[in-house]
file entry-v6.pdb (PDB, C-alpha atoms and all ligand atoms)
ATOM      1  CA  MET A   1       7.244  -3.707  15.200  1.00  0.00           C
ATOM      2  CA  LYS A   2       7.099  -5.375  11.793  1.00  0.00           C
ATOM      3  CA  VAL A   3       5.447  -3.506   8.925  1.00  0.00           C
ATOM      4  CA  GLN A   4       5.089  -4.891   5.411  1.00  0.00           C
ATOM      5  CA  ILE A   5       4.534  -2.592   2.443  1.00  0.00           C
ATOM      6  CA  ILE A   6       2.892  -4.224  -0.579  1.00  0.00           C
ATOM      7  CA  ASN A   7       2.683  -2.411  -3.902  1.00  0.00           C
ATOM      8  CA  GLY A   8       0.640  -3.705  -6.800  1.00  0.00           C
ATOM      9  CA  PRO A   9       0.779  -3.432 -10.595  1.00  0.00           C
ATOM     10  CA  ASN A  10       2.755  -0.715 -12.359  1.00  0.00           C
ATOM     11  CA  LEU A  11       4.065   0.740  -9.103  1.00  0.00           C
ATOM     12  CA  ASN A  12       7.495  -0.619 -10.059  1.00  0.00           C
ATOM     13  CA  LEU A  13       7.494   2.238 -12.568  1.00  0.00           C
ATOM     14  CA  LEU A  14       7.190   5.001  -9.966  1.00  0.00           C
ATOM     15  CA  GLY A  15       9.431   7.897 -10.939  1.00  0.00           C
ATOM     16  CA  LYS A  16       9.041   7.062 -14.628  1.00  0.00           C
ATOM     17  CA  ARG A  17       5.292   6.514 -14.850  1.00  0.00           C
ATOM     18  CA  GLU A  18       3.047   9.584 -15.327  1.00  0.00           C
ATOM     19  CA  PRO A  19       5.218  11.775 -13.066  1.00  0.00           C
ATOM     20  CA  ASP A  20       2.558  14.505 -13.093  1.00  0.00           C
ATOM     21  CA  VAL A  21       0.246  12.054 -11.281  1.00  0.00           C
ATOM     22  CA  TYR A  22       2.655   9.903  -9.263  1.00  0.00           C
ATOM     23  CA  GLY A  23       5.726  12.118  -8.808  1.00  0.00           C
ATOM     24  CA  ALA A  24       9.325  11.782  -9.959  1.00  0.00           C
ATOM     25  CA  THR A  25      10.724   9.661  -7.115  1.00  0.00           C
ATOM     26  CA  SER A  26      11.260   5.925  -7.499  1.00  0.00           C
ATOM     27  CA  PHE A  27       9.856   3.748  -4.732  1.00  0.00           C
ATOM     28  CA  ASP A  28      13.320   2.356  -3.981  1.00  0.00           C
ATOM     29  CA  THR A  29      14.685   5.853  -3.320  1.00  0.00           C
ATOM     30  CA  PHE A  30      11.667   6.698  -1.173  1.00  0.00           C
ATOM     31  CA  PHE A  31      11.917   3.391   0.721  1.00  0.00           C
ATOM     32  CA  GLN A  32      15.572   4.016   1.658  1.00  0.00           C
ATOM     33  CA  GLU A  33      14.537   7.380   3.167  1.00  0.00           C
ATOM     34  CA  LEU A  34      11.555   5.812   4.926  1.00  0.00           C
ATOM     35  CA  MET A  35      13.766   3.211   6.616  1.00  0.00           C
ATOM     36  CA  LYS A  36      16.059   6.007   7.862  1.00  0.00           C
ATOM     37  CA  LYS A  37      13.058   7.849   9.344  1.00  0.00           C
ATOM     38  CA  PHE A  38      11.917   4.792  11.288  1.00  0.00           C
ATOM     39  CA  PRO A  39      15.109   3.016  12.378  1.00  0.00           C
ATOM     40  CA  GLY A  40      13.276   1.139  15.148  1.00  0.00           C
ATOM     41  CA  LEU A  41      10.904  -0.575  12.736  1.00  0.00           C
ATOM     42  CA  THR A  42      11.368  -3.727  10.720  1.00  0.00           C
ATOM     43  CA  LEU A  43      10.088  -2.420   7.417  1.00  0.00           C
ATOM     44  CA  THR A  44       9.875  -4.692   4.405  1.00  0.00           C
ATOM     45  CA  TYR A  45       8.650  -4.004   0.909  1.00  0.00           C
ATOM     46  CA  MET A  46       7.482  -6.091  -2.023  1.00  0.00           C
ATOM     47  CA  GLN A  47       5.983  -5.177  -5.363  1.00  0.00           C
ATOM     48  CA  SER A  48       4.288  -7.405  -7.887  1.00  0.00           C
ATOM     49  CA  ASN A  49       2.330  -6.950 -11.068  1.00  0.00           C
ATOM     50  CA  ILE A  50       0.668 -10.325 -10.481  1.00  0.00           C
ATOM     51  CA  GLU A  51      -2.535 -10.508  -8.458  1.00  0.00           C
ATOM     52  CA  GLY A  52      -1.859 -13.989  -7.034  1.00  0.00           C
ATOM     53  CA  GLU A  53       1.573 -12.928  -5.766  1.00  0.00           C
ATOM     54  CA  LEU A  54      -0.083 -10.079  -3.875  1.00  0.00           C
ATOM     55  CA  VAL A  55      -2.523 -12.587  -2.353  1.00  0.00           C
ATOM     56  CA  ASN A  56       0.413 -14.843  -1.366  1.00  0.00           C
ATOM     57  CA  GLN A  57       2.222 -11.926   0.272  1.00  0.00           C
ATOM     58  CA  LEU A  58      -0.900 -10.859   2.190  1.00  0.00           C
ATOM     59  CA  GLN A  59      -1.375 -14.423   3.429  1.00  0.00           C
ATOM     60  CA  GLN A  60       2.232 -14.642   4.572  1.00  0.00           C
ATOM     61  CA  SER A  61       2.701 -11.176   6.092  1.00  0.00           C
ATOM     62  CA  GLY A  62      -0.818 -11.147   7.469  1.00  0.00           C
ATOM     63  CA  PHE A  63       0.153 -13.675  10.143  1.00  0.00           C
ATOM     64  CA  GLU A  64       3.681 -12.344  10.760  1.00  0.00           C
ATOM     65  CA  SER A  65       3.456  -8.540  10.695  1.00  0.00           C
ATOM     66  CA  ASN A  66       1.981  -5.959  13.017  1.00  0.00           C
ATOM     67  CA  GLY A  67       0.597  -4.084  10.046  1.00  0.00           C
ATOM     68  CA  ILE A  68       0.422  -4.056   6.264  1.00  0.00           C
ATOM     69  CA  ILE A  69       0.390  -0.994   4.030  1.00  0.00           C
ATOM     70  CA  LEU A  70      -1.210  -1.952   0.728  1.00  0.00           C
ATOM     71  CA  ASN A  71      -1.275   0.016  -2.480  1.00  0.00           C
ATOM     72  CA  ALA A  72      -3.005  -2.507  -4.704  1.00  0.00           C
ATOM     73  CA  GLY A  73      -2.872  -0.216  -7.751  1.00  0.00           C
ATOM     74  CA  ALA A  74      -5.546  -1.049 -10.317  1.00  0.00           C
ATOM     75  CA  TYR A  75      -6.426  -4.336  -8.537  1.00  0.00           C
ATOM     76  CA  THR A  76      -8.000  -2.098  -5.877  1.00  0.00           C
ATOM     77  CA  HIS A  77     -10.891  -1.586  -8.231  1.00  0.00           C
ATOM     78  CA  THR A  78     -11.304  -5.168  -9.439  1.00  0.00           C
ATOM     79  CA  SER A  79     -10.009  -7.795  -7.018  1.00  0.00           C
ATOM     80  CA  ILE A  80     -12.317  -9.916  -4.888  1.00  0.00           C
ATOM     81  CA  ALA A  81      -9.275 -12.131  -4.209  1.00  0.00           C
ATOM     82  CA  LEU A  82      -7.473  -9.251  -2.474  1.00  0.00           C
ATOM     83  CA  HIS A  83     -10.642  -8.376  -0.547  1.00  0.00           C
ATOM     84  CA  ASP A  84     -10.832 -11.976   0.692  1.00  0.00           C
ATOM     85  CA  ALA A  85      -7.113 -12.170   1.536  1.00  0.00           C
ATOM     86  CA  ILE A  86      -7.321  -8.992   3.653  1.00  0.00           C
ATOM     87  CA  ALA A  87     -10.370 -10.393   5.431  1.00  0.00           C
ATOM     88  CA  ALA A  88      -8.537 -13.674   6.070  1.00  0.00           C
ATOM     89  CA  VAL A  89      -5.567 -12.312   8.020  1.00  0.00           C
ATOM     90  CA  PRO A  90      -5.310 -10.807  11.505  1.00  0.00           C
ATOM     91  CA  ALA A  91      -2.846  -7.988  10.692  1.00  0.00           C
ATOM     92  CA  PRO A  92      -4.436  -4.567  10.159  1.00  0.00           C
ATOM     93  CA  VAL A  93      -4.214  -3.513   6.514  1.00  0.00           C
ATOM     94  CA  ILE A  94      -4.120   0.153   5.513  1.00  0.00           C
ATOM     95  CA  GLU A  95      -5.077   1.031   1.947  1.00  0.00           C
ATOM     96  CA  VAL A  96      -2.864   3.712   0.413  1.00  0.00           C
ATOM     97  CA  HIS A  97      -3.057   5.491  -2.939  1.00  0.00           C
ATOM     98  CA  ILE A  98      -0.532   8.050  -4.080  1.00  0.00           C
ATOM     99  CA  SER A  99      -3.031   9.984  -6.174  1.00  0.00           C
ATOM    100  CA  ASN A 100      -6.476  11.128  -5.062  1.00  0.00           C
ATOM    101  CA  VAL A 101      -8.520   8.365  -6.669  1.00  0.00           C
ATOM    102  CA  TYR A 102     -11.753  10.324  -6.106  1.00  0.00           C
ATOM    103  CA  ALA A 103     -10.471  13.230  -8.199  1.00  0.00           C
ATOM    104  CA  ARG A 104      -9.798  10.888 -11.139  1.00  0.00           C
ATOM    105  CA  GLU A 105     -11.804   8.666 -13.512  1.00  0.00           C
ATOM    106  CA  GLU A 106     -15.015   7.223 -12.115  1.00  0.00           C
ATOM    107  CA  PHE A 107     -13.740   3.630 -12.364  1.00  0.00           C
ATOM    108  CA  ARG A 108     -11.200   4.519  -9.650  1.00  0.00           C
ATOM    109  CA  HIS A 109     -13.930   5.656  -7.250  1.00  0.00           C
ATOM    110  CA  LYS A 110     -14.848   2.072  -6.414  1.00  0.00           C
ATOM    111  CA  SER A 111     -12.570   0.033  -4.173  1.00  0.00           C
ATOM    112  CA  LEU A 112     -13.238  -3.645  -3.471  1.00  0.00           C
ATOM    113  CA  ILE A 113     -10.794  -3.619  -0.557  1.00  0.00           C
ATOM    114  CA  THR A 114     -11.592  -0.553   1.592  1.00  0.00           C
ATOM    115  CA  SER A 115     -14.312  -2.353   3.560  1.00  0.00           C
ATOM    116  CA  LYS A 116     -11.755  -4.876   4.857  1.00  0.00           C
ATOM    117  CA  CYS A 117      -9.012  -2.314   5.586  1.00  0.00           C
ATOM    118  CA  VAL A 118      -8.707  -0.332   8.804  1.00  0.00           C
ATOM    119  CA  GLY A 119      -8.619   2.870   6.771  1.00  0.00           C
ATOM    120  CA  LEU A 120      -7.789   4.581   3.525  1.00  0.00           C
ATOM    121  CA  ILE A 121      -5.187   7.238   2.704  1.00  0.00           C
ATOM    122  CA  THR A 122      -5.441   8.727  -0.773  1.00  0.00           C
ATOM    123  CA  GLY A 123      -3.990  11.759  -2.528  1.00  0.00           C
ATOM    124  CA  PHE A 124      -1.035  12.664  -0.294  1.00  0.00           C
ATOM    125  CA  GLY A 125       1.623  11.294  -2.594  1.00  0.00           C
ATOM    126  CA  LEU A 126       4.306   9.060  -1.086  1.00  0.00           C
ATOM    127  CA  LEU A 127       3.691  10.755   2.266  1.00  0.00           C
ATOM    128  CA  GLY A 128       0.651   8.473   2.529  1.00  0.00           C
ATOM    129  CA  TYR A 129       2.923   5.505   3.328  1.00  0.00           C
ATOM    130  CA  GLU A 130       4.535   7.461   6.168  1.00  0.00           C
ATOM    131  CA  LEU A 131       1.127   8.512   7.525  1.00  0.00           C
ATOM    132  CA  ALA A 132       0.099   4.855   7.535  1.00  0.00           C
ATOM    133  CA  ILE A 133       3.188   3.967   9.597  1.00  0.00           C
ATOM    134  CA  GLN A 134       2.356   6.788  12.034  1.00  0.00           C
ATOM    135  CA  TYR A 135      -1.096   5.277  12.473  1.00  0.00           C
ATOM    136  CA  LEU A 136       0.310   1.799  13.150  1.00  0.00           C
ATOM    137  CA  LEU A 137       2.799   3.256  15.658  1.00  0.00           C
ATOM    138  CA  SER A 138      -0.004   5.101  17.431  1.00  0.00           C
ATOM    139  CA  LYS A 139      -1.779   1.770  17.959  1.00  0.00           C
ATOM    140  CA  GLN A 140       1.296   0.017  19.386  1.00  0.00           C
ATOM    141  CA  LYS A 141       0.908  -0.993  23.016  1.00  0.00           C
ATOM    142  CA  VAL A 142       3.746   0.366  25.190  1.00  0.00           C
TER     143      VAL A 142
HETATM  144  C1  LIG A 201      -3.025   4.101  -7.446  1.00  0.00           C
HETATM  145  C2  LIG A 201      -4.389   4.512  -8.009  1.00  0.00           C
HETATM  146  C3  LIG A 201      -4.975   3.404  -8.880  1.00  0.00           C
HETATM  147  O1  LIG A 201      -6.242   3.786  -9.386  1.00  0.00           O
HETATM  148  C4  LIG A 201      -4.044   3.126 -10.049  1.00  0.00           C
HETATM  149  O2  LIG A 201      -4.545   2.056 -10.820  1.00  0.00           O
HETATM  150  C5  LIG A 201      -2.639   2.872  -9.622  1.00  0.00           C
HETATM  151  C6  LIG A 201      -2.071   3.704  -8.560  1.00  0.00           C
HETATM  152  C7  LIG A 201      -2.347   5.244  -6.664  1.00  0.00           C
HETATM  153  O3  LIG A 201      -1.428   4.961  -5.903  1.00  0.00           O
HETATM  154  O4  LIG A 201      -2.741   6.411  -6.804  1.00  0.00           O
HETATM  155  O5  LIG A 201      -1.940   2.065 -10.203  1.00  0.00           O
HETATM  156  O6  LIG A 201      -3.201   3.005  -6.571  1.00  0.00           O
END
call {"tool": "encode", "arguments": {"input": "entry-v6.pdb", "output": "structure tokens"}}
result
Amino acid sequence: MKVQIINGPNLNLLGKREPDVYGATSFDTFFQELMKKFPGLTLTYMQSNIEGELVNQLQQSGFESNGIILNAGAYTHTSIALHDAIAAVPAPVIEVHISNVYAREEFRHKSLITSKCVGLITGFGLLGYELAIQYLLSKQKV
């Protein structure tokens, strides 16, 4: 099973950025551990601060992967282009946020992408990515 993780703006700074909100672990460190936990999966990861690059990755992985885990960062709350890209591809997309966006500023309470995702995981820290993989595995046909 092929799973693509896509992280949006500022998530390259995980571990350094507001550690009280996002934790002290870099995504690279976490990703190495994640790959060890799921050795049978083809897990790939990309991060970009640029909205169009996230759209390009969704278009590409959306026809090649069995699932996409998307943390669109702040574009979650603003991007019709990401909404449309998720709608355009057959792969199921799971929306993940490290923090609980509903316990934060009101502008984070609105997501333009949730309606096109299979589901939303928010507030469980980096564990949210693992929970998303567990969901995709549970849907795999044996
Ligand atoms: C985030 C939440 C967003 O509101 C914020 O803009 C981010 C990170 C999260 O993972 O909690 O950059 O997506």
call {"tool": "axis_aligned_box", "arguments": {"input": "entry-v6.pdb", "around": "ligand LIG 201 (chain A)", "padding_each_side": "3 Å", "output": "JSON"}}
result
{"center_x": -3.8, "center_y": 4.2, "center_z": -8.4, "size_x": 10.8, "size_y": 10.4, "size_z": 10.9}
call {"tool": "resolve_selection", "arguments": {"input": "entry-v6.pdb", "expression": "the PyMOL selection byres (((not hetatm)) within 12 of (chain A and resi 201))", "output": "VMD selection string"}}
result
chain A and resid 6 to 14 17 to 23 27 47 to 49 69 to 79 95 to 113 120 to 129
call {"tool": "write_last_selection", "arguments": {"input": "entry-v6.pdb", "atoms": "C-alpha atoms", "output": "PDB file, in the coordinates of the input"}}
result
ATOM      1  CA  ILE A   6       2.892  -4.224  -0.579  1.00  0.00           C
ATOM      2  CA  ASN A   7       2.683  -2.411  -3.902  1.00  0.00           C
ATOM      3  CA  GLY A   8       0.640  -3.705  -6.800  1.00  0.00           C
ATOM      4  CA  PRO A   9       0.779  -3.432 -10.595  1.00  0.00           C
ATOM      5  CA  ASN A  10       2.755  -0.715 -12.359  1.00  0.00           C
ATOM      6  CA  LEU A  11       4.065   0.740  -9.103  1.00  0.00           C
ATOM      7  CA  ASN A  12       7.495  -0.619 -10.059  1.00  0.00           C
ATOM      8  CA  LEU A  13       7.494   2.238 -12.568  1.00  0.00           C
ATOM      9  CA  LEU A  14       7.190   5.001  -9.966  1.00  0.00           C
ATOM     10  CA  ARG A  17       5.292   6.514 -14.850  1.00  0.00           C
ATOM     11  CA  GLU A  18       3.047   9.584 -15.327  1.00  0.00           C
ATOM     12  CA  PRO A  19       5.218  11.775 -13.066  1.00  0.00           C
ATOM     13  CA  ASP A  20       2.558  14.505 -13.093  1.00  0.00           C
ATOM     14  CA  VAL A  21       0.246  12.054 -11.281  1.00  0.00           C
ATOM     15  CA  TYR A  22       2.655   9.903  -9.263  1.00  0.00           C
ATOM     16  CA  GLY A  23       5.726  12.118  -8.808  1.00  0.00           C
ATOM     17  CA  PHE A  27       9.856   3.748  -4.732  1.00  0.00           C
ATOM     18  CA  GLN A  47       5.983  -5.177  -5.363  1.00  0.00           C
ATOM     19  CA  SER A  48       4.288  -7.405  -7.887  1.00  0.00           C
ATOM     20  CA  ASN A  49       2.330  -6.950 -11.068  1.00  0.00           C
ATOM     21  CA  ILE A  69       0.390  -0.994   4.030  1.00  0.00           C
ATOM     22  CA  LEU A  70      -1.210  -1.952   0.728  1.00  0.00           C
ATOM     23  CA  ASN A  71      -1.275   0.016  -2.480  1.00  0.00           C
ATOM     24  CA  ALA A  72      -3.005  -2.507  -4.704  1.00  0.00           C
ATOM     25  CA  GLY A  73      -2.872  -0.216  -7.751  1.00  0.00           C
ATOM     26  CA  ALA A  74      -5.546  -1.049 -10.317  1.00  0.00           C
ATOM     27  CA  TYR A  75      -6.426  -4.336  -8.537  1.00  0.00           C
ATOM     28  CA  THR A  76      -8.000  -2.098  -5.877  1.00  0.00           C
ATOM     29  CA  HIS A  77     -10.891  -1.586  -8.231  1.00  0.00           C
ATOM     30  CA  THR A  78     -11.304  -5.168  -9.439  1.00  0.00           C
ATOM     31  CA  SER A  79     -10.009  -7.795  -7.018  1.00  0.00           C
ATOM     32  CA  GLU A  95      -5.077   1.031   1.947  1.00  0.00           C
ATOM     33  CA  VAL A  96      -2.864   3.712   0.413  1.00  0.00           C
ATOM     34  CA  HIS A  97      -3.057   5.491  -2.939  1.00  0.00           C
ATOM     35  CA  ILE A  98      -0.532   8.050  -4.080  1.00  0.00           C
ATOM     36  CA  SER A  99      -3.031   9.984  -6.174  1.00  0.00           C
ATOM     37  CA  ASN A 100      -6.476  11.128  -5.062  1.00  0.00           C
ATOM     38  CA  VAL A 101      -8.520   8.365  -6.669  1.00  0.00           C
ATOM     39  CA  TYR A 102     -11.753  10.324  -6.106  1.00  0.00           C
ATOM     40  CA  ALA A 103     -10.471  13.230  -8.199  1.00  0.00           C
ATOM     41  CA  ARG A 104      -9.798  10.888 -11.139  1.00  0.00           C
ATOM     42  CA  GLU A 105     -11.804   8.666 -13.512  1.00  0.00           C
ATOM     43  CA  GLU A 106     -15.015   7.223 -12.115  1.00  0.00           C
ATOM     44  CA  PHE A 107     -13.740   3.630 -12.364  1.00  0.00           C
ATOM     45  CA  ARG A 108     -11.200   4.519  -9.650  1.00  0.00           C
ATOM     46  CA  HIS A 109     -13.930   5.656  -7.250  1.00  0.00           C
ATOM     47  CA  LYS A 110     -14.848   2.072  -6.414  1.00  0.00           C
ATOM     48  CA  SER A 111     -12.570   0.033  -4.173  1.00  0.00           C
ATOM     49  CA  LEU A 112     -13.238  -3.645  -3.471  1.00  0.00           C
ATOM     50  CA  ILE A 113     -10.794  -3.619  -0.557  1.00  0.00           C
ATOM     51  CA  LEU A 120      -7.789   4.581   3.525  1.00  0.00           C
ATOM     52  CA  ILE A 121      -5.187   7.238   2.704  1.00  0.00           C
ATOM     53  CA  THR A 122      -5.441   8.727  -0.773  1.00  0.00           C
ATOM     54  CA  GLY A 123      -3.990  11.759  -2.528  1.00  0.00           C
ATOM     55  CA  PHE A 124      -1.035  12.664  -0.294  1.00  0.00           C
ATOM     56  CA  GLY A 125       1.623  11.294  -2.594  1.00  0.00           C
ATOM     57  CA  LEU A 126       4.306   9.060  -1.086  1.00  0.00           C
ATOM     58  CA  LEU A 127       3.691  10.755   2.266  1.00  0.00           C
ATOM     59  CA  GLY A 128       0.651   8.473   2.529  1.00  0.00           C
ATOM     60  CA  TYR A 129       2.923   5.505   3.328  1.00  0.00           C
TER      61      TYR A 129
END
call {"tool": "resolve_selection", "arguments": {"input": "entry-v6.pdb", "expression": "the PyMOL selection byres (((chain A and resi 42) around 12) and not hetatm)", "output": "VMD selection string"}}
result
chain A and resid 1 to 5 34 to 41 43 to 45 64 to 68 133
call {"tool": "atom_distance", "arguments": {"input": "entry-v6.pdb", "atom1": "atom CA of A:Glu51", "atom2": "atom CA of A:Phe63"}}
result
19.1 Å
call {"tool": "atom_distance", "arguments": {"input": "entry-v6.pdb", "atom1": "atom CA of A:Ala87", "atom2": "atom CA of A:Glu53"}}
result
16.6 Å
